[in-house]
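See below for the structure under consideration.
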Amino acid sequence: MHFFEYKNGELYAEGVPVARLAEELGTPLYVYSHKTLVRHFKVFNEAFADVPHLICFAMKSNSNIAILRLFSELGGGLDIVSQGELYRGIKAGVSPKKVVFAGVGKTDDEIAYALEQGILMFNVESEDELRNIDAVAGRLGKTAPVAIRVNPDVNPETHPYIATGLKKSKFGIDIARAMAQYRAAAELPNIDACGLHCHIGSQITQSSPFAEAAGKAADLVHALRGEGHDIRYLNVGGGLGITYHDEVPPSPKEYAEAILPVLKDLDVTLVLEPGRVIAGNAGILVTKVLYGKENEEKRFTIIDAGMNDLIRPSLYHAFQEVWPVEEAVRQRPRHVCDLVGPICESGDYLAKDRELPELERDDLLAIMSAGAYGFVMASNYNSRPRPPEVLVRDGEYHVIRERENFEDLIRGESIPAFISGGAG
Ligand SMILES: *Cc1c(COP(=O)(O)O)cnc(C)c1O
């Protein structure tokens with residue numbers, strides 16, 4: 001659900017007309033709804049009210065410091081995957097004590113920074129990494145709290161690029177070898193293996209893979225305790241899907257009901273890492289129609305947003321709904337067309353073979369469900385400044401990230417003296 005609705009014949013973000021935002025801030029433009037973000041966070045949090053838990057928002061889905069601060073105010077922590085994300089989190093005022101650090105390729109610098117900041121724990125993805133964290137912690141005179149990320153070999157039935165819990169995945173450690181990893185961890189002087197981590201993928205729209213993974217994780221916690229390992233945290237990752245089109249994913253409550261029966265008597269603090277389900281439907285990308293174009297085979301509508309602004313359709317063949325900002329446009333005759341951007345790539349589209357009303361120059365469109373894996377994946381490809389991000393709350397709005405300018409595009413570049421005209 002979300003608070004982008006038609007009122008008086010036009011699309012509103014909460015109490016603000018989207019057309020007004022486009023006029024005052026230009027397009028393309030990311031718009032987030034405060035009320036939607038808060039509601040999603042609270043609904044998710046409340047679903048786990050019966051057990052000790054911590055919601056660590058997966059900030060790779062949306063890392064604007066205003067959004068991070070908002071969740072922090074609601075009691076949340078962060079799931080991070082890089083030092084840059086930890087830096088952002090700290091700038092946003094999030095306590096490192098509520099931060100968990102995942103990712104297969106943590107460098108020594110990243111590990112040291114996280115240890116110095118005192119994060120809650122590392123989610124460790126390999127034995128090599130475990131030994132390295134021990135070594136870095138030893139040099140700093142610290143003990144590193146870790147959860148070992150196991151790979152439960154559960155098929156989440158999602159897009160292969162976002163399935164992570166299968167044996168062939170680069171993530172995690174095969175669950176059959178987990179016990180050996182904990183034994184190895186117990187021998188390392190600077191490691192406290194206090195948790196178990198298990199994340200199986202993203203945009204999962206059924207409960208059964210989560211229930212299956214939770215069952216395997218619970219069994220493992222019992223087995224580990226039986227060997228004397230002091231497991232205090234169980235991190236079940238993120239991955240709950242949302243409705244982009246006609247998916248009917250479990251609600252946070254149904255998700256909780258699917259996994260809690262096997263987890264609630266484990267006597268652990270449950271850590272959850274939702275990203276998409278919190279931020280996805282809380283944002284839209286607003287774009288303007290530039291041109292139409294037709295040949296015998298196809299109809300194209302060219303818009304001012306491209307794959308550099310929102311890459312999900314190009315990268316994962318993701319479907320995102322397209323809503324005209326002016327409601328009356330919906331009544332126009334409909335045609336199948338490709339909605340394409342200005343980027344010089346054939347893969348540059350935001351909607352493919354989509355039945356849309358006839359569109360005219362300057363019509364405004366909202367690309368829905370763009371709040372997660374939207375702006376964060378934007379690039380400057382084709383030397384396009386990245387769009388601004390604006391947060392709407394009731395009838396007011398605040399630009400939480402300015403539109404980039406042309407100076408931003410060449411920041412840090414220079415011409416060496418050995419090229420004629422260069423300054424060195
Ligand atoms: C990406 C990721 C998440 C968040 O996934 P969503 O589908 O956005 O909920 C959580 N945990 C880990 C380890 C991840 O890699």
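Chain identifiers are assigned as A, B, and so on, following the order in which chains appear in the structure tokens; residues are numbered from 1 within each chain, and ligands are numbered from 1 in order of appearance.
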Using only C-alpha atoms, which residues sit within 6 Å of Phe101 of chain A once same-chain residues fewer than 6 positions away are excluded, as a list in words?
Asp79, Ile80, Val81, Phe122 and Asn123 of chain A
Step by step, measure atom-to-atom distances between ligand 1 and each residue using only C-alpha atoms and all ligand atoms, keep those at most 10 Å, then write them as an MDAnalysis selection string.
chainID A and resid 56:62 78:81 100:104 123 125 149 162:164 171:172 197:204 235:242 272:280 372:373
Taking the chain letters and numbering used in this document, name the residues of segment 217-396 of chain A that DSSP puts in helix (DSSP H, G or I), as a PDB file with C-alpha atoms, in the first residue's frame.
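Result file is out.pdb:
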ATOM      1  CA  ALA A 217      18.054 -22.241  10.920  1.00  0.00           C
ATOM      2  CA  ALA A 218      16.228 -23.210  14.124  1.00  0.00           C
ATOM      3  CA  ASP A 219      17.510 -26.793  13.894  1.00  0.00           C
ATOM      4  CA  LEU A 220      21.011 -25.469  13.453  1.00  0.00           C
ATOM      5  CA  VAL A 221      20.729 -23.156  16.487  1.00  0.00           C
ATOM      6  CA  HIS A 222      19.735 -26.180  18.614  1.00  0.00           C
ATOM      7  CA  ALA A 223      22.611 -28.245  17.247  1.00  0.00           C
ATOM      8  CA  LEU A 224      25.098 -25.417  17.827  1.00  0.00           C
ATOM      9  CA  ARG A 225      23.928 -24.915  21.408  1.00  0.00           C
ATOM     10  CA  GLY A 226      24.256 -28.662  21.924  1.00  0.00           C
ATOM     11  CA  PRO A 252       4.469  -8.675   7.204  1.00  0.00           C
ATOM     12  CA  LYS A 253       2.030 -10.267   9.663  1.00  0.00           C
ATOM     13  CA  GLU A 254       1.640 -13.397   7.508  1.00  0.00           C
ATOM     14  CA  TYR A 255       5.399 -13.513   7.063  1.00  0.00           C
ATOM     15  CA  ALA A 256       5.847 -13.336  10.845  1.00  0.00           C
ATOM     16  CA  GLU A 257       3.234 -16.064  11.317  1.00  0.00           C
ATOM     17  CA  ALA A 258       5.110 -18.275   8.863  1.00  0.00           C
ATOM     18  CA  ILE A 259       8.465 -18.064  10.629  1.00  0.00           C
ATOM     19  CA  LEU A 260       7.712 -17.349  14.293  1.00  0.00           C
ATOM     20  CA  PRO A 261       6.304 -20.770  15.258  1.00  0.00           C
ATOM     21  CA  VAL A 262       9.746 -22.365  14.847  1.00  0.00           C
ATOM     22  CA  LEU A 263      11.665 -19.361  16.190  1.00  0.00           C
ATOM     23  CA  ARG A 276      12.212  -3.482  -0.440  1.00  0.00           C
ATOM     24  CA  VAL A 277       9.098  -4.190   1.634  1.00  0.00           C
ATOM     25  CA  ILE A 278       9.669  -0.979   3.598  1.00  0.00           C
ATOM     26  CA  ALA A 279      10.844   1.412   0.889  1.00  0.00           C
ATOM     27  CA  GLY A 280       9.730  -0.051  -2.459  1.00  0.00           C
ATOM     28  CA  ASN A 281       6.182   1.234  -2.730  1.00  0.00           C
ATOM     29  CA  ALA A 282       6.995   4.405  -0.802  1.00  0.00           C
ATOM     30  CA  ARG A 312      15.556  -2.317 -12.544  1.00  0.00           C
ATOM     31  CA  PRO A 313      13.625  -2.882 -15.792  1.00  0.00           C
ATOM     32  CA  SER A 314      16.855  -3.130 -17.840  1.00  0.00           C
ATOM     33  CA  LEU A 315      18.771  -5.187 -15.277  1.00  0.00           C
ATOM     34  CA  TYR A 316      16.153  -7.648 -14.040  1.00  0.00           C
ATOM     35  CA  GLU A 327      -5.974  11.260 -14.393  1.00  0.00           C
ATOM     36  CA  ALA A 328      -7.848  12.140 -17.589  1.00  0.00           C
ATOM     37  CA  VAL A 329      -4.955  10.764 -19.655  1.00  0.00           C
ATOM     38  CA  ARG A 330      -6.113   7.300 -18.564  1.00  0.00           C
ATOM     39  CA  GLN A 331      -9.235   7.724 -20.720  1.00  0.00           C
ATOM     40  CA  PHE A 375      17.976   6.105  -6.851  1.00  0.00           C
ATOM     41  CA  VAL A 376      20.663   3.996  -5.125  1.00  0.00           C
ATOM     42  CA  MET A 377      21.398   2.234  -8.410  1.00  0.00           C
TER      43      MET A 377
END
Would you mind writing down, as a VMD selection string, each residue of segment 261-408 of chain A that DSSP on the backbone assigns to strand (DSSP E)?
chain A and resid 269 to 272 283 to 294 299 to 303 322 to 324 334 to 340 349 to 357 364 to 367 389 to 393 396 to 401
So how many Å separate atom CA of Ser82 of chain A and atom CA of Val390 of chain A, to one decimal?
24.7 Å
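For the set A:Leu270, A:Ala423, A:Ile173, A:Ile231, the residue with the smallest atom-to-atom gap to Ala193 of chain A is A:Ile231, counting only C-alpha atoms.
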Between A:Glu129, A:Glu413, A:Glu326, A:Asp267, which has the minimum distance to Arg20 of chain A (counting only C-alpha atoms)?
A:Glu326
Need to verify the contact set: segment 105-114 of chain A, 8 Å, only C-alpha atoms, exclusion of same-chain residues closer than 2 positions in sequence. Can you return it as a PyMOL selection string?
chain A and resi 82-83+86+103+116-119+129+132-133+136-137+140
Resulting file, chosen residues, N, CA and C atoms, as a PDB file, in the first residue's frame:
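Wrote out.pdb, looks like this:
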ATOM      1  N   SER A  82      28.867  -2.093   3.122  1.00  0.00           N
ATOM      2  CA  SER A  82      30.138  -1.439   2.794  1.00  0.00           C
ATOM      3  C   SER A  82      30.455  -0.394   3.857  1.00  0.00           C
ATOM      4  N   GLN A  83      31.708   0.058   3.835  1.00  0.00           N
ATOM      5  CA  GLN A  83      32.124   1.123   4.746  1.00  0.00           C
ATOM      6  C   GLN A  83      31.373   2.413   4.429  1.00  0.00           C
ATOM      7  N   LEU A  86      28.184   2.402   6.176  1.00  0.00           N
ATOM      8  CA  LEU A  86      28.331   2.674   7.613  1.00  0.00           C
ATOM      9  C   LEU A  86      28.545   4.174   7.842  1.00  0.00           C
ATOM     10  N   GLY A 103      28.051  -8.955   3.281  1.00  0.00           N
ATOM     11  CA  GLY A 103      28.789  -8.771   2.027  1.00  0.00           C
ATOM     12  C   GLY A 103      29.968  -9.720   1.925  1.00  0.00           C
ATOM     13  N   GLU A 116      36.103  -0.350  14.986  1.00  0.00           N
ATOM     14  CA  GLU A 116      36.328   0.879  15.753  1.00  0.00           C
ATOM     15  C   GLU A 116      35.004   1.561  16.104  1.00  0.00           C
ATOM     16  N   GLN A 117      34.048   1.491  15.185  1.00  0.00           N
ATOM     17  CA  GLN A 117      32.747   2.112  15.455  1.00  0.00           C
ATOM     18  C   GLN A 117      31.904   1.276  16.419  1.00  0.00           C
ATOM     19  N   GLY A 118      32.263  -0.005  16.572  1.00  0.00           N
ATOM     20  CA  GLY A 118      31.530  -0.857  17.519  1.00  0.00           C
ATOM     21  C   GLY A 118      30.196  -1.357  17.002  1.00  0.00           C
ATOM     22  N   ILE A 119      30.177  -1.909  15.800  1.00  0.00           N
ATOM     23  CA  ILE A 119      28.917  -2.420  15.244  1.00  0.00           C
ATOM     24  C   ILE A 119      28.427  -3.640  16.021  1.00  0.00           C
ATOM     25  N   GLU A 129      37.162 -15.156   5.269  1.00  0.00           N
ATOM     26  CA  GLU A 129      36.781 -13.874   5.856  1.00  0.00           C
ATOM     27  C   GLU A 129      36.798 -13.950   7.385  1.00  0.00           C
ATOM     28  N   ASN A 132      40.215 -13.651   8.616  1.00  0.00           N
ATOM     29  CA  ASN A 132      40.733 -12.296   8.432  1.00  0.00           C
ATOM     30  C   ASN A 132      40.154 -11.326   9.457  1.00  0.00           C
ATOM     31  N   ILE A 133      38.854 -11.469   9.752  1.00  0.00           N
ATOM     32  CA  ILE A 133      38.251 -10.594  10.774  1.00  0.00           C
ATOM     33  C   ILE A 133      38.949 -10.831  12.112  1.00  0.00           C
ATOM     34  N   VAL A 136      42.317  -8.949  11.957  1.00  0.00           N
ATOM     35  CA  VAL A 136      42.169  -7.486  12.055  1.00  0.00           C
ATOM     36  C   VAL A 136      41.767  -7.105  13.480  1.00  0.00           C
ATOM     37  N   ALA A 137      40.832  -7.856  14.056  1.00  0.00           N
ATOM     38  CA  ALA A 137      40.391  -7.574  15.430  1.00  0.00           C
ATOM     39  C   ALA A 137      41.570  -7.711  16.394  1.00  0.00           C
ATOM     40  N   LEU A 140      43.771  -4.736  16.440  1.00  0.00           N
ATOM     41  CA  LEU A 140      43.152  -3.573  17.095  1.00  0.00           C
ATOM     42  C   LEU A 140      42.878  -3.832  18.575  1.00  0.00           C
TER      43      LEU A 140
END
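Shortest separation to His317 of chain A among A:Pro52, A:Asp246, A:Ala351, A:Arg88 occurs at residue A:Ala351, atoms counted being only C-alpha atoms.
All residues of protein, DNA or RNA that reach within 12 Å of Glu73 of chain A, judged by only C-alpha atoms and not counting those fewer than 2 positions away in the chain, are Val38, Phe41, Lys42, Ala66, Ile67, Leu68, Arg69, Leu70, Phe71, Gly75, Gly76, Gly77, Ala92, Gly93, Val94 and Ser95 of chain A.
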For a test of reading the model, state the distance in Å between atom CA of Leu310 of chain A and atom CA of Glu389 of chain A, rounded to one decimal.
12.8 Å
Using only C-alpha atoms, which protein or nucleic acid residues come within 10 Å of Met368 of chain A? Drop anything in the same chain fewer than 5 positions from it, and give the result as a PyMOL selection string.
chain A and resi 4+244-245+280-286+319-323
Just want the 8 Å neighbourhood of Gly395 of chain A, counted on only C-alpha atoms, with same-chain residues fewer than 3 positions away dropped. Output as number ranges by chain.
A: 14-16, 392
